[in-house]
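Novice: Pasting a structure here, questions to come.
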Protein chains: 2
Amino acid sequence: MITETEVRKALEGVMDPELHKSLIELGMIRSVRIRNNQVDITLALTTMGCPLKEQIVGDVTSAVSALEGVKGVDIELTEMTDEEKRRIGIGAPQEDRGAAEDFNDIQRVIAVMSGKGGVGKSLVSGLLAVALQRAGHRVGILDADITGPSIPKMFFPDGARLGMSPLGPTPPESKTGIKVMSINLLLEQEDIAVIWRGPLISGAIKQFWGDMYWGTLDYLIVDLPPGTSDASLTVMQSLPMSGIVLVSSPQGLAGMVVRKAARMAQQMQTPIMGLIENMSYFECPDSGKRYDVFGPSHAEQTARQIGVPFLGRLPIDPEIAKLCDAGRVEDYAAKAFMPIAKELAARAPEAQRSMF
Amino acid sequence: MITETEVRKALEGVMDPELHKSLIELGMIRSVRIRNNQVDITLALTTMGCPLKEQIVGDVTSAVSALEGVKGVDIELTEMTDEEKRRIGIGAPQEDRGAAEDFNDIQRVIAVMSGKGGVGKSLVSGLLAVALQRAGHRVGILDADITGPSIPKMFFPDGARLGMSPLGPTPPESKTGIKVMSINLLLEQEDIAVIWRGPLISGAIKQFWGDMYWGTLDYLIVDLPPGTSDASLTVMQSLPMSGIVLVSSPQGLAGMVVRKAARMAQQMQTPIMGLIENMSYFECPDSGKRYDVFGPSHAEQTARQIGVPFLGRLPIDPEIAKLCDAGRVEDYAAKAFMPIAKELAARAPEAQRSMF
């Protein structure tokens with residue numbers, strides 16, 4: 001007969017691959033129940049979105065299965081309470097909360113992600129913010145691209161500076177009232193290089209979220225940088241995400257990298273609201289003929305592969321490049337974006353239904 | 001009268017911001033000379049490209065200036081020897097060298113960088129490799145974009161796997177003999193997400209460089225990811241760089257981010273060989289008319305601002321998108337790239353003169 005003590009002893013050898021301590025020591029083994037040599041374990045993860053979940057479950061299963069007489073192992077996953085997390089020194093201990101976090105009232109956080117660079121994440125972030133603002137919502141943009149921030153240039157033709165309030169620094173407002181925070185608002189010159197390794201990048205994003213006084217927002221749009229490394233991880237782990245909008249471009253190459261981003265979101269259990277294709281085609285202003293300048297579109301196929309709604313296409317429009325460079329994205333008529341915004345609203349999860 | 005002991009004592013309180021130890025303990029204070037209460041200090045940095053150089057110099061100046069009677073502080077910078085670096089456990093201690101590093105003979109390392117994503121770094125890396133290969137050189141590509149690798153898809157229509165040799169794993173060769181290493185050659189499926197924080201990214205790049213058996217190469221082209229964070233830092237700090245080729249696109253936005261990349265290279269004392277503009281215009285196949293689909297070009301202006309040669313323009317060419325997606329970049333005639341390659345050769349520093 002197996003005993004709980006034997007099982008717990010075996011689990012002392014199983015380490016959390018990120019925290020480098022045994023699951024027992026971390027208090028992650030909530031309960032062990034044994035019936036007829038079948039072992040049922042409740043395992044509390046630091047977060048359900050833990051990317052190492054499968055590895056941990058595999059390690060626990062192997063360790064317990066190796067005990068003589070064990071017939072089967074069943075693992076139920078749950079999440080640690082904030083208190084439990086604080087006790088082992090992770091998560092968001094009270095002292096770690098941003099200085100302004102308790103004063104901010106941010107209803108929904110939507111991240112715009114691609115994995116790939118230069119497909120128009122910032123453009124989609126900007127157009128989405130403008131569309132929401134026009135629909136009467138209070139909107140902010142958090143530019144999480146610390147080494148290549150594009151948002152301020154799109155909204156502030158003459159630059160902008162942080163404001164100050166008793167509750168913390170405040171993001172400047174665009175001419176239509178969209179609140180914007182970006183590393184470039186802190187630099188003396190816009191082209192100063194921010195040569196930071198990951199931990200500093202993550203720290204800056206957390207400060208933008210928690211130390212700034214955003215006030216009340218219906219939507220905070222987070223413009224993610226390319227890649228599935230520090231910035232994306234920090235946003236998905238530390239911010240209360242409502243969902244992700246994926247942006248792709250027609251190249252097959254882009255599709256492959258966007259699928260990586262989608263897999264990350266799925267592993268982190270962040271819902272994907274849909275996929276937008278940018279730079280789909282160029283409409284010749286002289287003949288009206290459409291050219292697939294980046295090759296034929298693969299976006300609908302990519303959306304199907306990922307299993308998310310396809311939200312629509314945005315053309316290459318020299319007008320938008322000009323307006324973005326001039327800090328006038330809010331003047332863009334965004335004809336092509338409205339159907340996408342409506343599609344997003346129609347297909348979005350319940351919580352987002354009231355978007356437009 | 002100030003004494004050297006007093007100065008050294010004061011410097012015990014000045015910490016290296018990255019190594020978290022005092023400059024004295026790290027042996028970074030080479031010499032202290034005092035004449036008429038003027039203090040001259042020789043400070044040995046771990047690397048002259050140290051991005052925290054100015055902060056360290058500032059801290060030393062403040063600490064010494066605060067001593068009573070000091071009239072002035074003058075700091076001369078120099079670099080630690082490899083031996084000194086090994087002693088404090090940084091740099092490239094013999095044991096830290098890649099397993100295959102001593103067997104590789106790589107003449108020149110050229111990184112393709114932009115700061116911004118999606119401007120065509122991978123395309124330029126690929127075309128540059130193909131042009132060098134056609135000119136009779138032995139060429140490899142190290143894909144340093146760990147979370148969004150584009151290179152393998154351009155060269156291997158049917159995928160590829162690492163080879164094995166007694167000296168280490170070997171990069172697969174393309175059909176024309178270009179050696180390629182990329183994280184995607186290690187993944188079971190190309191769209192698996194690599195959700196890694198910075199240290200793992202840096203570790204992978206160092207392994208690609210030092211643990212792979214590349215053999216003899218005239219040129220290794222390094223395709224950098226967007227941004228000025230871990231991957232770019234590691235490549236510039238750990239690889240013996242010959243130079244950097246910058247890639248931009250017409251948007252003003254791109255120019256700003258490219259200037260950040262240039263500043264990083266300058267701070268790291270890595271020579272910039274020139275700037276290429278990609279996606280400059282679209283030539284309508286029906287009328288032959290050129291359209292500035294991403295707005296008017298700013299690349300020459302950007303190159304002037306940075307103070308580097310402008311190497312030329314690449315158009316948007318649907319043909320190249322198609323060939324890249326089909327793994328056939330080597331079949332591209334690259335008409336538009338040859339003048340750029342020649343320009344690069346003509347303007348490159350002495351060491352690169354023999355390129356074409």
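Ligands are numbered from 1 in the order shown, chains are lettered A, B, ... in the order of the structure tokens, and residues start at 1 in each chain.
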Neighbouring residues of stretch 232-241 of chain B were defined as those with any atom within 10 Å, considering only C-alpha atoms; residues of the same chain fewer than 5 positions away were excluded. Please report them as a PyMOL selection string.

Specialist: (chain A and resi 195-197) or (chain B and resi 47+49-51+91-92+106-111+113+115+144-145+198-199+201-203+205-206+209-210+220+222-227+261+264-265+268-271)

Novice: Compute the post-superposition RMSD of the C-alpha atoms of chain A relative to chain B, with atoms paired in order and the fit done by least squares.

Specialist: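 Per the least-squares fit, the RMSD is 0.6 Å.
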
Novice: Pull out every residue of chain A sitting within 8 Å of chain B, counting only C-alpha atoms, and send them as a ChimeraX atom specification.

Specialist: /A:51,115-119,147-150,153,190-199,226-230,233,251-253,256-257,259-261,263-264,282,292-295,316-319,321-322,324-325

Novice: Please, could you write that set of residues out with C-alpha atoms as a PDB file, in the first residue's frame?

Specialist:
```
ATOM      1  CA  PRO A  51       4.394  28.087 -19.571  1.00  0.00           C
ATOM      2  CA  GLY A 115       5.408  38.061 -32.909  1.00  0.00           C
ATOM      3  CA  LYS A 116       6.740  39.563 -36.142  1.00  0.00           C
ATOM      4  CA  GLY A 117       8.004  43.126 -36.423  1.00  0.00           C
ATOM      5  CA  GLY A 118       6.878  45.770 -38.866  1.00  0.00           C
ATOM      6  CA  VAL A 119       3.479  44.279 -39.688  1.00  0.00           C
ATOM      7  CA  THR A 147      13.475  49.600 -27.563  1.00  0.00           C
ATOM      8  CA  GLY A 148      11.430  50.617 -30.641  1.00  0.00           C
ATOM      9  CA  PRO A 149       8.503  52.777 -29.499  1.00  0.00           C
ATOM     10  CA  SER A 150       6.299  54.049 -32.349  1.00  0.00           C
ATOM     11  CA  LYS A 153       5.208  59.949 -32.989  1.00  0.00           C
ATOM     12  CA  GLU A 190      13.471  60.559 -29.401  1.00  0.00           C
ATOM     13  CA  ASP A 191      16.347  58.661 -30.977  1.00  0.00           C
ATOM     14  CA  ILE A 192      18.306  57.883 -27.816  1.00  0.00           C
ATOM     15  CA  ALA A 193      18.904  54.126 -27.723  1.00  0.00           C
ATOM     16  CA  VAL A 194      17.488  52.210 -24.791  1.00  0.00           C
ATOM     17  CA  ILE A 195      20.101  49.469 -24.447  1.00  0.00           C
ATOM     18  CA  TRP A 196      18.486  47.371 -21.759  1.00  0.00           C
ATOM     19  CA  ARG A 197      18.422  43.675 -21.061  1.00  0.00           C
ATOM     20  CA  GLY A 198      15.143  41.930 -20.265  1.00  0.00           C
ATOM     21  CA  PRO A 199      14.704  42.631 -16.551  1.00  0.00           C
ATOM     22  CA  PRO A 226       7.893  41.843 -31.754  1.00  0.00           C
ATOM     23  CA  GLY A 227       8.860  38.529 -30.206  1.00  0.00           C
ATOM     24  CA  THR A 228       7.761  36.219 -27.446  1.00  0.00           C
ATOM     25  CA  SER A 229      10.374  37.184 -24.888  1.00  0.00           C
ATOM     26  CA  ASP A 230      10.453  39.503 -21.859  1.00  0.00           C
ATOM     27  CA  LEU A 233       5.791  37.566 -21.040  1.00  0.00           C
ATOM     28  CA  GLN A 251       3.946  36.898 -46.371  1.00  0.00           C
ATOM     29  CA  GLY A 252       4.044  33.224 -45.449  1.00  0.00           C
ATOM     30  CA  LEU A 253       7.023  34.102 -43.280  1.00  0.00           C
ATOM     31  CA  MET A 256       4.720  31.385 -39.312  1.00  0.00           C
ATOM     32  CA  VAL A 257       5.888  33.923 -36.746  1.00  0.00           C
ATOM     33  CA  ARG A 259       1.464  31.373 -35.247  1.00  0.00           C
ATOM     34  CA  LYS A 260       4.282  31.386 -32.680  1.00  0.00           C
ATOM     35  CA  ALA A 261       2.708  34.425 -31.000  1.00  0.00           C
ATOM     36  CA  ARG A 263       0.814  29.618 -29.387  1.00  0.00           C
ATOM     37  CA  MET A 264       2.337  31.757 -26.671  1.00  0.00           C
ATOM     38  CA  PHE A 282      -1.892  48.269 -52.735  1.00  0.00           C
ATOM     39  CA  ASP A 292      -0.629  41.925 -53.896  1.00  0.00           C
ATOM     40  CA  VAL A 293       2.725  43.622 -53.400  1.00  0.00           C
ATOM     41  CA  PHE A 294       3.787  41.245 -50.618  1.00  0.00           C
ATOM     42  CA  GLY A 295       2.510  38.179 -52.425  1.00  0.00           C
ATOM     43  CA  ILE A 316      -1.224  49.696 -47.792  1.00  0.00           C
ATOM     44  CA  ASP A 317      -2.243  53.339 -47.792  1.00  0.00           C
ATOM     45  CA  PRO A 318       0.411  56.014 -48.409  1.00  0.00           C
ATOM     46  CA  GLU A 319      -1.972  58.465 -46.716  1.00  0.00           C
ATOM     47  CA  ALA A 321       2.071  56.517 -43.483  1.00  0.00           C
ATOM     48  CA  LYS A 322       2.070  60.266 -44.066  1.00  0.00           C
ATOM     49  CA  CYS A 324       1.431  58.695 -38.786  1.00  0.00           C
ATOM     50  CA  ASP A 325       4.739  60.393 -39.537  1.00  0.00           C
TER      51      ASP A 325
END
```

Novice: I'd like to know which residues of stretch 38-271 of chain A are strand (DSSP E or B) (by DSSP, run on the backbone); could you write them as a ChimeraX atom specification?

Specialist: /A:38-45,72-79,105-113,139-143,163-165,168-170,173,179-181,216-223,243-248

Novice: Could you jot down the atom CA of B:Glu277 to atom CA of B:Leu311 separation for me, Å, one decimal place?

Specialist: 7.9 Å

Novice: Do you know which residues are at most 12 Å from B:Arg35 counting only C-alpha atoms, after dropping those on the same chain fewer than 4 positions away, and could you put them as number ranges by chain?

Specialist: B: 1-4, 39-41, 69-74

Novice: What lies within 9 Å of B:Ala10 using only C-alpha atoms, ignoring chain neighbours under 3 positions off, as JSON, numbers by chain?

Specialist: {"B": [5, 6, 7, 13, 14, 60, 63, 64, 66, 67]}

Novice: Go ahead and save the picked residues with C-alpha atoms, as a PDB file, in the first residue's frame.

Specialist:
```pdb
ATOM      1  CA  THR B   5      44.390  56.020   0.322  1.00  0.00           C
ATOM      2  CA  GLU B   6      41.601  58.518   0.875  1.00  0.00           C
ATOM      3  CA  VAL B   7      40.665  58.418  -2.780  1.00  0.00           C
ATOM      4  CA  GLY B  13      31.619  53.048  -2.090  1.00  0.00           C
ATOM      5  CA  VAL B  14      31.252  53.242  -5.889  1.00  0.00           C
ATOM      6  CA  VAL B  60      33.570  58.169  -9.648  1.00  0.00           C
ATOM      7  CA  ALA B  63      32.637  60.340  -5.028  1.00  0.00           C
ATOM      8  CA  VAL B  64      36.107  61.848  -5.407  1.00  0.00           C
ATOM      9  CA  ALA B  66      33.103  65.076  -2.443  1.00  0.00           C
ATOM     10  CA  LEU B  67      36.448  64.640  -0.632  1.00  0.00           C
TER      11      LEU B  67
END
```

Novice: Atom CA of A:Ala341 to atom CA of A:Glu300: how many Å, to one decimal?

Specialist: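 So the answer is 16.9 Å.
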
Novice: Quick one: residues within 7 Å of stretch 167-177 of chain B, only C-alpha atoms, excluding same-chain residues fewer than 4 positions away - as an MDAnalysis selection string?

Specialist: chainID B and resid 100 155:156 160:163 181 211:214
